[in-house]
Amino acid sequence: MLKVLLASHAPERLALLARLVRDHPEYDVATLAATPAQLLNADVRLEDFDAAVVDLPGTQQGELCDVQVMCQQWPKLVCILVMPEATPALLIAAMRAGARDVLPWPIEQHGLDDALARVQSQHGQDAPRPLPSIAFMSCKGGAGTSFLAANFAREHAAHTGERVLLVDLDPDFGDAAFLVTDKAPPATLPQVCAQAERIDASFLDSCVTHVEDGFDALAGAGDPVASLDVTEESLKRILAAAAQRYDLVVFDAGRTVSVSVTWALQRSERVYVVLRASMPFLRAACRLFDLLRRLGVPMDKVGYLVNRSNRHDSVTHKELERALGMPALAVLPEDGAAVAAAMSQGVPVARVARRSAIARALAALVVRQAAHADTPRTASPGGESLFGRLWSKTHTTERATPPTLV
């Protein structure tokens with residue numbers, strides 16, 4: 001775990017720095033209201049930290065001298081400076097003082113994230129890994145979206161051995177967890193979000209329903225009023241904490257397009273729209289696809305599943321493909337007996353009817369998803385630092401200038 005010290009003598013700026021890193025439980029963060037000179041004499045062991053983010057609102061020459069003393073006394077401490085402007089002269093002065101990176105004020109989330117990721121990489125630690133997620137969304141009630149999301153999550157955990165968390169975002173029903181377990185949830189998603197400041201890996205573990213080994217569920221409330229507590233920021237904190245314990249998150253997004261649901265769809269690697277082969281579902285699917293485009297959800301990761309398919313369907317699969325502009329990712333058959341038995345007992349369908357048509361179709365979908373999972377990126381985290389970009393630009397200019405012939 002990377003140990004980070006945030007220092008600024010301006011309380012409001014220090015509070016902003018703290019907010020920018022609070023969604024990263026992989027960092028052990030301490031804050032100190034101090035100038036660089038006060039840091040040198042403070043009752044804090046700087047040698048215990050891996051990085052120090054030091055705010056210099058005024059950028060006085062004396063402050064850079066204090067930074068230089070700090071970098072010389074604690075050479076293993078990576079110093080990241082926050083300055084109101086980043087002129088070439090200031091960058092050179094900061095580099096000579098020993099700073100590893102310089103961030104301009106007002107500071108941006110991605111800038112600080114990238115700088116800390118570079119420190120983590122230099123310390124031989126793994127950079128924070130974005131937690132993969134898959135979202136199931138319904139275009140119309142009665143599609144069986146919650147059943148598919150819950151059973152897909154369970155089947156993925158059983159097939160791959162990965163740790164999977166099911167998160168029920170449906171504000172209207174919130175019954176996805178009860179489709180795979182009869183345990184009473186210790187807490188619901190809105191209750192967790194209402195205590196956002198407490199969210200860490202241990203707190204999250206105490207709130208989820210432990211369904212099976214490697215498979216947990218964070219139950220929904222089924223209360224639209226309580227679901228107002230589910231915000232984008234609280235979901236970010238939940239996923240940051242979940243990244244320490246899980247390999248995949250499966251969202252049951254329901255059919256309500258809220259701000260938090262939109263964020264979940266945008267950050268998911270795959271969005272499965274669930275529909276049936278009938279005209280009402282086809283019209284609803286066309287409207288939903290258009291809405292997702294307007295919301296900025298990348299359509300190359302959106303596909304659809306035809307659920308409860310049977311020979312009496314009023315719309316053929318070819319007609320669905322022509323109307324939606326793509327073939328179905330999977331067709332899951334009508335299997336009323338197996339589904340009813342699983343839902344009545346509150347257990348995964350694979351446990352009550354392993355050889356049923358729906359269980360086999362879900363297993364095939366999991367295998368296909370696992371086979372097409374994105375390979376991890378090998379690029380260095382966060383790209384180049386500000387110093388690196390400045391150095392690269394200078395040398396590129398030098399290489400591009402042809403020699404003068406005399």
# chains A, B, ... in the order shown; residues from 1 in each chain; ligands from 1
>>> select_by_dssp(residues="stretch 136-361 of chain A", states="strand (DSSP E or B)", output="MDAnalysis selection string")
chainID A and resid 136:138 164:168 188 209:212 215:219 248:252 270:275 302:309 330:333
>>> closest_atom_pairs(of="stretch 84-143 of chain A", to="stretch 71-76 of chain A", cutoff="12 Å", atoms="only C-alpha atoms", output="JSON lines")
{"residue": "A:Ala94", "atom": "CA", "partner": "A:Cys71", "partner_atom": "CA", "distance": 11.1}
{"residue": "A:Met95", "atom": "CA", "partner": "A:Cys71", "partner_atom": "CA", "distance": 10.8}
{"residue": "A:Arg96", "atom": "CA", "partner": "A:Cys71", "partner_atom": "CA", "distance": 10.3}
{"residue": "A:Ala97", "atom": "CA", "partner": "A:Cys71", "partner_atom": "CA", "distance": 7.4}
{"residue": "A:Gly98", "atom": "CA", "partner": "A:Cys71", "partner_atom": "CA", "distance": 5.7}
{"residue": "A:Ala99", "atom": "CA", "partner": "A:Cys71", "partner_atom": "CA", "distance": 7.6}
{"residue": "A:Arg100", "atom": "CA", "partner": "A:Cys71", "partner_atom": "CA", "distance": 9.8}
{"residue": "A:Val119", "atom": "CA", "partner": "A:Lys76", "partner_atom": "CA", "distance": 11.0}
{"residue": "A:Gln122", "atom": "CA", "partner": "A:Lys76", "partner_atom": "CA", "distance": 11.0}
{"residue": "A:His123", "atom": "CA", "partner": "A:Lys76", "partner_atom": "CA", "distance": 9.7}
>>> write_last_selection(atoms="N, CA and C atoms", output="compact mmCIF listing (two decimals), in the first residue's frame")
# COMPACT_ATOMS: atom_id res chain seq x y z
N ALA A 94 11.69 23.61 -9.98
CA ALA A 94 11.12 22.52 -9.19
C ALA A 94 11.91 21.23 -9.38
N MET A 95 12.34 20.97 -10.62
CA MET A 95 13.12 19.77 -10.90
C MET A 95 14.46 19.83 -10.17
N ARG A 96 15.09 21.00 -10.17
CA ARG A 96 16.36 21.14 -9.46
C ARG A 96 16.18 20.98 -7.96
N ALA A 97 15.01 21.36 -7.45
CA ALA A 97 14.75 21.20 -6.02
C ALA A 97 14.53 19.74 -5.65
N GLY A 98 14.26 18.89 -6.63
CA GLY A 98 14.09 17.47 -6.35
C GLY A 98 12.69 16.95 -6.54
N ALA A 99 11.76 17.81 -7.00
CA ALA A 99 10.39 17.36 -7.22
C ALA A 99 10.34 16.37 -8.37
N ARG A 100 9.53 15.34 -8.21
CA ARG A 100 9.38 14.34 -9.27
C ARG A 100 8.28 14.71 -10.26
N VAL A 119 4.19 6.99 -9.18
CA VAL A 119 4.95 6.70 -7.96
C VAL A 119 4.80 5.24 -7.59
N GLN A 122 6.93 3.13 -9.81
CA GLN A 122 8.35 3.27 -9.50
C GLN A 122 8.73 2.53 -8.22
N HIS A 123 7.76 2.36 -7.33
CA HIS A 123 8.02 1.64 -6.09
C HIS A 123 7.85 0.13 -6.26
>>> closest_residue(among="A:Val78, A:Leu112, A:Ala328, A:Ala150", to="A:Asp175", atoms="only C-alpha atoms")
A:Ala150
>>> atom_distance(atom1="atom CA of A:Glu12", atom2="atom CA of A:Asp200")
24.3 Å
>>> residues_around(residues="A:Gly254", least_positions_apart="4", cutoff="6 Å", atoms="only C-alpha atoms", output="CSV table (one decimal) with N, CA and C atoms, in the first residue's frame")
chain,number,residue,atom,x,y,z
A,137,MET,N,-29.3,-4.7,-18.5
A,137,MET,CA,-30.3,-3.7,-18.5
A,137,MET,C,-31.6,-4.2,-19.2
A,138,SER,N,-32.7,-3.9,-18.7
A,138,SER,CA,-34.0,-4.3,-19.3
A,138,SER,C,-34.5,-3.1,-20.2
A,170,ASP,N,-31.4,-1.6,-9.4
A,170,ASP,CA,-32.9,-1.4,-9.8
A,170,ASP,C,-33.6,-0.7,-8.6
>>> select_by_dssp(residues="stretch 30-78 of chain A", states="helix (DSSP H, G or I)", output="PyMOL selection string")
chain A and resi 36-41+46-48+61-73
>>> write_last_selection(atoms="C-alpha atoms", output="CSV table (one decimal), in the first residue's frame")
chain,number,residue,atom,x,y,z
A,36,PRO,CA,7.3,23.2,3.4
A,37,ALA,CA,9.3,24.9,6.2
A,38,GLN,CA,6.8,23.6,8.8
A,39,LEU,CA,7.1,20.1,7.3
A,40,LEU,CA,10.8,20.0,8.0
A,41,ASN,CA,10.1,20.7,11.7
A,46,LEU,CA,8.6,11.7,6.6
A,47,GLU,CA,10.6,8.6,6.2
A,48,ASP,CA,7.4,6.6,6.8
A,61,GLN,CA,11.7,30.8,-3.9
A,62,GLY,CA,12.2,30.1,-0.2
A,63,GLU,CA,9.5,27.4,-0.4
A,64,LEU,CA,11.4,25.7,-3.2
A,65,CYS,CA,14.5,25.8,-1.1
A,66,ASP,CA,12.7,24.1,1.7
A,67,VAL,CA,11.5,21.5,-0.8
A,68,GLN,CA,15.1,20.9,-1.8
A,69,VAL,CA,16.1,20.4,1.8
A,70,MET,CA,13.3,17.9,2.3
A,71,CYS,CA,14.2,15.9,-0.8
A,72,GLN,CA,17.9,15.8,0.2
A,73,GLN,CA,17.1,14.7,3.8
>>> closest_residue(among="A:Leu166, A:Phe251, A:Ala194, A:Phe281", to="A:Thr209", atoms="only C-alpha atoms")
A:Leu166
>>> atom_distance(atom1="atom CA of A:Glu269", atom2="atom CA of A:His156")
15.1 Å
>>> closest_residue(among="A:Leu248, A:Ala177, A:Leu165, A:Ala7", to="A:Asp216", atoms="only C-alpha atoms")
A:Leu165
>>> residues_around(residues="A:Val339", least_positions_apart="2", cutoff="12 Å", atoms="only C-alpha atoms", output="JSON, numbers by chain")
{"A": [144, 147, 148, 151, 179, 180, 308, 332, 333, 334, 335, 336, 337, 341, 342, 343, 344, 345, 346, 347, 348, 349, 350, 351, 352, 353, 354, 356, 357, 358, 359]}
>>> write_last_selection(atoms="N, CA and C atoms", output="mmCIF file, in the first residue's frame")
data_model
loop_
_atom_site.group_PDB
_atom_site.id
_atom_site.type_symbol
_atom_site.label_atom_id
_atom_site.label_comp_id
_atom_site.auth_asym_id
_atom_site.auth_seq_id
_atom_site.Cartn_x
_atom_site.Cartn_y
_atom_site.Cartn_z
ATOM 1 N N GLY A 144 -36.950 -10.609 -17.714
ATOM 2 C CA GLY A 144 -36.152 -11.567 -16.952
ATOM 3 C C GLY A 144 -34.731 -11.095 -16.718
ATOM 4 N N PHE A 147 -33.143 -12.027 -13.203
ATOM 5 C CA PHE A 147 -32.831 -13.458 -13.159
ATOM 6 C C PHE A 147 -31.540 -13.745 -13.909
ATOM 7 N N LEU A 148 -31.396 -13.177 -15.102
ATOM 8 C CA LEU A 148 -30.183 -13.422 -15.888
ATOM 9 C C LEU A 148 -28.956 -12.821 -15.218
ATOM 10 N N ASN A 151 -28.013 -14.955 -12.015
ATOM 11 C CA ASN A 151 -27.520 -16.297 -12.331
ATOM 12 C C ASN A 151 -26.256 -16.254 -13.178
ATOM 13 N N LEU A 179 -33.106 -13.898 -5.865
ATOM 14 C CA LEU A 179 -33.239 -14.909 -6.905
ATOM 15 C C LEU A 179 -32.166 -15.982 -6.803
ATOM 16 N N VAL A 180 -31.131 -15.733 -5.996
ATOM 17 C CA VAL A 180 -30.048 -16.715 -5.858
ATOM 18 C C VAL A 180 -29.768 -17.085 -4.404
ATOM 19 N N ARG A 308 -36.127 -15.965 -23.000
ATOM 20 C CA ARG A 308 -37.409 -16.671 -23.031
ATOM 21 C C ARG A 308 -37.867 -16.916 -24.472
ATOM 22 N N LEU A 332 -31.530 -17.157 -25.226
ATOM 23 C CA LEU A 332 -31.776 -18.016 -24.067
ATOM 24 C C LEU A 332 -33.207 -18.535 -24.133
ATOM 25 N N PRO A 333 -33.380 -19.850 -24.021
ATOM 26 C CA PRO A 333 -34.690 -20.449 -24.283
ATOM 27 C C PRO A 333 -35.674 -20.272 -23.128
ATOM 28 N N GLU A 334 -36.938 -20.373 -23.465
ATOM 29 C CA GLU A 334 -37.993 -20.433 -22.451
ATOM 30 C C GLU A 334 -37.852 -21.753 -21.698
ATOM 31 N N ASP A 335 -37.773 -21.673 -20.379
ATOM 32 C CA ASP A 335 -37.622 -22.881 -19.552
ATOM 33 C C ASP A 335 -38.360 -22.634 -18.239
ATOM 34 N N GLY A 336 -39.668 -22.545 -18.349
ATOM 35 C CA GLY A 336 -40.485 -22.118 -17.222
ATOM 36 C C GLY A 336 -40.352 -22.979 -15.989
ATOM 37 N N ALA A 337 -40.267 -24.292 -16.166
ATOM 38 C CA ALA A 337 -40.222 -25.182 -15.007
ATOM 39 C C ALA A 337 -38.948 -24.972 -14.196
ATOM 40 N N ALA A 341 -38.769 -23.210 -10.434
ATOM 41 C CA ALA A 341 -38.232 -23.969 -9.300
ATOM 42 C C ALA A 341 -37.108 -23.204 -8.614
ATOM 43 N N ALA A 342 -36.226 -22.595 -9.402
ATOM 44 C CA ALA A 342 -35.109 -21.844 -8.823
ATOM 45 C C ALA A 342 -35.599 -20.606 -8.079
ATOM 46 N N MET A 343 -36.531 -19.875 -8.664
ATOM 47 C CA MET A 343 -37.028 -18.658 -8.034
ATOM 48 C C MET A 343 -37.821 -18.968 -6.770
ATOM 49 N N SER A 344 -38.568 -20.059 -6.779
ATOM 50 C CA SER A 344 -39.354 -20.420 -5.599
ATOM 51 C C SER A 344 -38.463 -20.765 -4.417
ATOM 52 N N GLN A 345 -37.337 -21.413 -4.692
ATOM 53 C CA GLN A 345 -36.428 -21.820 -3.618
ATOM 54 C C GLN A 345 -35.399 -20.745 -3.284
ATOM 55 N N GLY A 346 -35.251 -19.741 -4.145
ATOM 56 C CA GLY A 346 -34.251 -18.711 -3.915
ATOM 57 C C GLY A 346 -32.837 -19.229 -4.056
ATOM 58 N N VAL A 347 -32.606 -20.044 -5.077
ATOM 59 C CA VAL A 347 -31.274 -20.604 -5.322
ATOM 60 C C VAL A 347 -30.950 -20.450 -6.805
ATOM 61 N N PRO A 348 -29.669 -20.495 -7.180
ATOM 62 C CA PRO A 348 -29.308 -20.417 -8.597
ATOM 63 C C PRO A 348 -29.924 -21.562 -9.390
ATOM 64 N N VAL A 349 -30.292 -21.294 -10.628
ATOM 65 C CA VAL A 349 -30.947 -22.313 -11.436
ATOM 66 C C VAL A 349 -30.023 -23.494 -11.689
ATOM 67 N N ALA A 350 -28.725 -23.281 -11.730
ATOM 68 C CA ALA A 350 -27.790 -24.378 -11.972
ATOM 69 C C ALA A 350 -27.768 -25.375 -10.823
ATOM 70 N N ARG A 351 -28.214 -24.968 -9.648
ATOM 71 C CA ARG A 351 -28.232 -25.885 -8.507
ATOM 72 C C ARG A 351 -29.474 -26.762 -8.491
ATOM 73 N N VAL A 352 -30.567 -26.278 -9.038
ATOM 74 C CA VAL A 352 -31.793 -27.083 -9.022
ATOM 75 C C VAL A 352 -32.001 -27.838 -10.333
ATOM 76 N N ALA A 353 -31.416 -27.323 -11.419
ATOM 77 C CA ALA A 353 -31.615 -27.972 -12.721
ATOM 78 C C ALA A 353 -30.392 -27.732 -13.584
ATOM 79 N N ARG A 354 -29.303 -28.393 -13.231
ATOM 80 C CA ARG A 354 -28.031 -28.160 -13.907
ATOM 81 C C ARG A 354 -28.104 -28.454 -15.397
ATOM 82 N N SER A 356 -30.775 -28.261 -17.304
ATOM 83 C CA SER A 356 -31.890 -27.591 -17.973
ATOM 84 C C SER A 356 -31.376 -26.725 -19.114
ATOM 85 N N ALA A 357 -32.277 -26.394 -20.020
ATOM 86 C CA ALA A 357 -31.882 -25.599 -21.188
ATOM 87 C C ALA A 357 -31.376 -24.220 -20.781
ATOM 88 N N ILE A 358 -32.026 -23.581 -19.802
ATOM 89 C CA ILE A 358 -31.608 -22.239 -19.400
ATOM 90 C C ILE A 358 -30.264 -22.270 -18.690
ATOM 91 N N ALA A 359 -30.010 -23.305 -17.889
ATOM 92 C CA ALA A 359 -28.719 -23.411 -17.200
ATOM 93 C C ALA A 359 -27.589 -23.605 -18.202
#
>>> closest_residue(among="A:Ala15, A:Leu5, A:Val250, A:Val44", to="A:Val29", atoms="only C-alpha atoms")
A:Leu5
>>> closest_atom_pairs(of="stretch 30-144 of chain A", to="stretch 296-303 of chain A", cutoff="10 Å", atoms="only C-alpha atoms", output="CSV")
residue,atom,partner,partner_atom,distance
A:Ile134,CA,A:Lys301,CA,9.9
A:Ala135,CA,A:Val302,CA,9.5
A:Phe136,CA,A:Gly303,CA,9.9
>>> residues_around(residues="A:Cys207", least_positions_apart="4", cutoff="12 Å", atoms="only C-alpha atoms", output="NGL selection string")
:A and (165 or 167 or 184-193 or 195 or 198-203 or 216-220 or 238 or 242)
>>> write_last_selection(atoms="C-alpha atoms", output="CSV table (one decimal), in the first residue's frame")
chain,number,residue,atom,x,y,z
A,165,LEU,CA,-20.0,-9.1,-6.7
A,167,VAL,CA,-24.8,-5.1,-7.4
A,184,ALA,CA,-31.7,-11.8,4.5
A,185,PRO,CA,-29.3,-9.1,3.4
A,186,PRO,CA,-27.3,-7.4,6.2
A,187,ALA,CA,-27.7,-4.1,4.3
A,188,THR,CA,-29.0,-2.7,1.1
A,189,LEU,CA,-27.3,-0.6,-1.5
A,190,PRO,CA,-29.0,2.7,-0.5
A,191,GLN,CA,-28.1,2.0,3.2
A,192,VAL,CA,-24.4,1.6,2.2
A,193,CYS,CA,-24.5,4.7,0.0
A,195,GLN,CA,-22.8,6.0,4.9
A,198,ARG,CA,-17.4,4.8,6.1
A,199,ILE,CA,-17.0,2.7,2.9
A,200,ASP,CA,-13.9,0.6,2.8
A,201,ALA,CA,-13.2,-3.0,2.1
A,202,SER,CA,-14.1,-4.2,5.6
A,203,PHE,CA,-17.3,-2.2,5.8
A,216,ASP,CA,-21.5,-12.1,-3.0
A,217,ALA,CA,-24.5,-9.8,-3.6
A,218,LEU,CA,-25.2,-6.2,-2.6
A,219,ALA,CA,-29.0,-6.1,-2.4
A,220,GLY,CA,-31.2,-3.4,-3.7
A,238,ILE,CA,-18.1,1.1,-3.4
A,242,ALA,CA,-14.6,-3.8,-4.0
>>> atom_distance(atom1="atom CA of A:Ser234", atom2="atom CA of A:Val259")
11.9 Å
>>> closest_residue(among="A:Asp247, A:Pro130, A:Leu91, A:Arg118", to="A:Arg163", atoms="only C-alpha atoms")
A:Asp247
>>> residues_around(residues="A:Ala363", least_positions_apart="3", cutoff="8 Å", atoms="only C-alpha atoms", output="PyMOL selection string")
chain A and resi 152+155-156+159+359-360+366-367
>>> write_last_selection(atoms="N, CA and C atoms", output="mmCIF file, in the first residue's frame")
data_model
loop_
_atom_site.group_PDB
_atom_site.id
_atom_site.type_symbol
_atom_site.label_atom_id
_atom_site.label_comp_id
_atom_site.auth_asym_id
_atom_site.auth_seq_id
_atom_site.Cartn_x
_atom_site.Cartn_y
_atom_site.Cartn_z
ATOM 1 N N PHE A 152 -26.114 -15.225 -14.022
ATOM 2 C CA PHE A 152 -24.858 -15.060 -14.757
ATOM 3 C C PHE A 152 -23.713 -14.809 -13.787
ATOM 4 N N GLU A 155 -22.839 -18.050 -12.063
ATOM 5 C CA GLU A 155 -22.225 -19.000 -12.979
ATOM 6 C C GLU A 155 -20.807 -18.566 -13.340
ATOM 7 N N HIS A 156 -20.591 -17.263 -13.484
ATOM 8 C CA HIS A 156 -19.244 -16.768 -13.782
ATOM 9 C C HIS A 156 -18.284 -17.106 -12.644
ATOM 10 N N HIS A 159 -17.628 -20.900 -12.780
ATOM 11 C CA HIS A 159 -16.888 -21.374 -13.953
ATOM 12 C C HIS A 159 -15.443 -20.903 -13.958
ATOM 13 N N ALA A 359 -30.010 -23.305 -17.889
ATOM 14 C CA ALA A 359 -28.719 -23.411 -17.200
ATOM 15 C C ALA A 359 -27.589 -23.605 -18.202
ATOM 16 N N ARG A 360 -27.829 -24.435 -19.220
ATOM 17 C CA ARG A 360 -26.797 -24.649 -20.238
ATOM 18 C C ARG A 360 -26.552 -23.377 -21.049
ATOM 19 N N VAL A 366 -21.467 -17.438 -20.220
ATOM 20 C CA VAL A 366 -20.310 -17.167 -19.361
ATOM 21 C C VAL A 366 -19.018 -17.546 -20.078
ATOM 22 N N VAL A 367 -19.013 -18.707 -20.725
ATOM 23 C CA VAL A 367 -17.820 -19.148 -21.453
ATOM 24 C C VAL A 367 -17.480 -18.153 -22.560
#
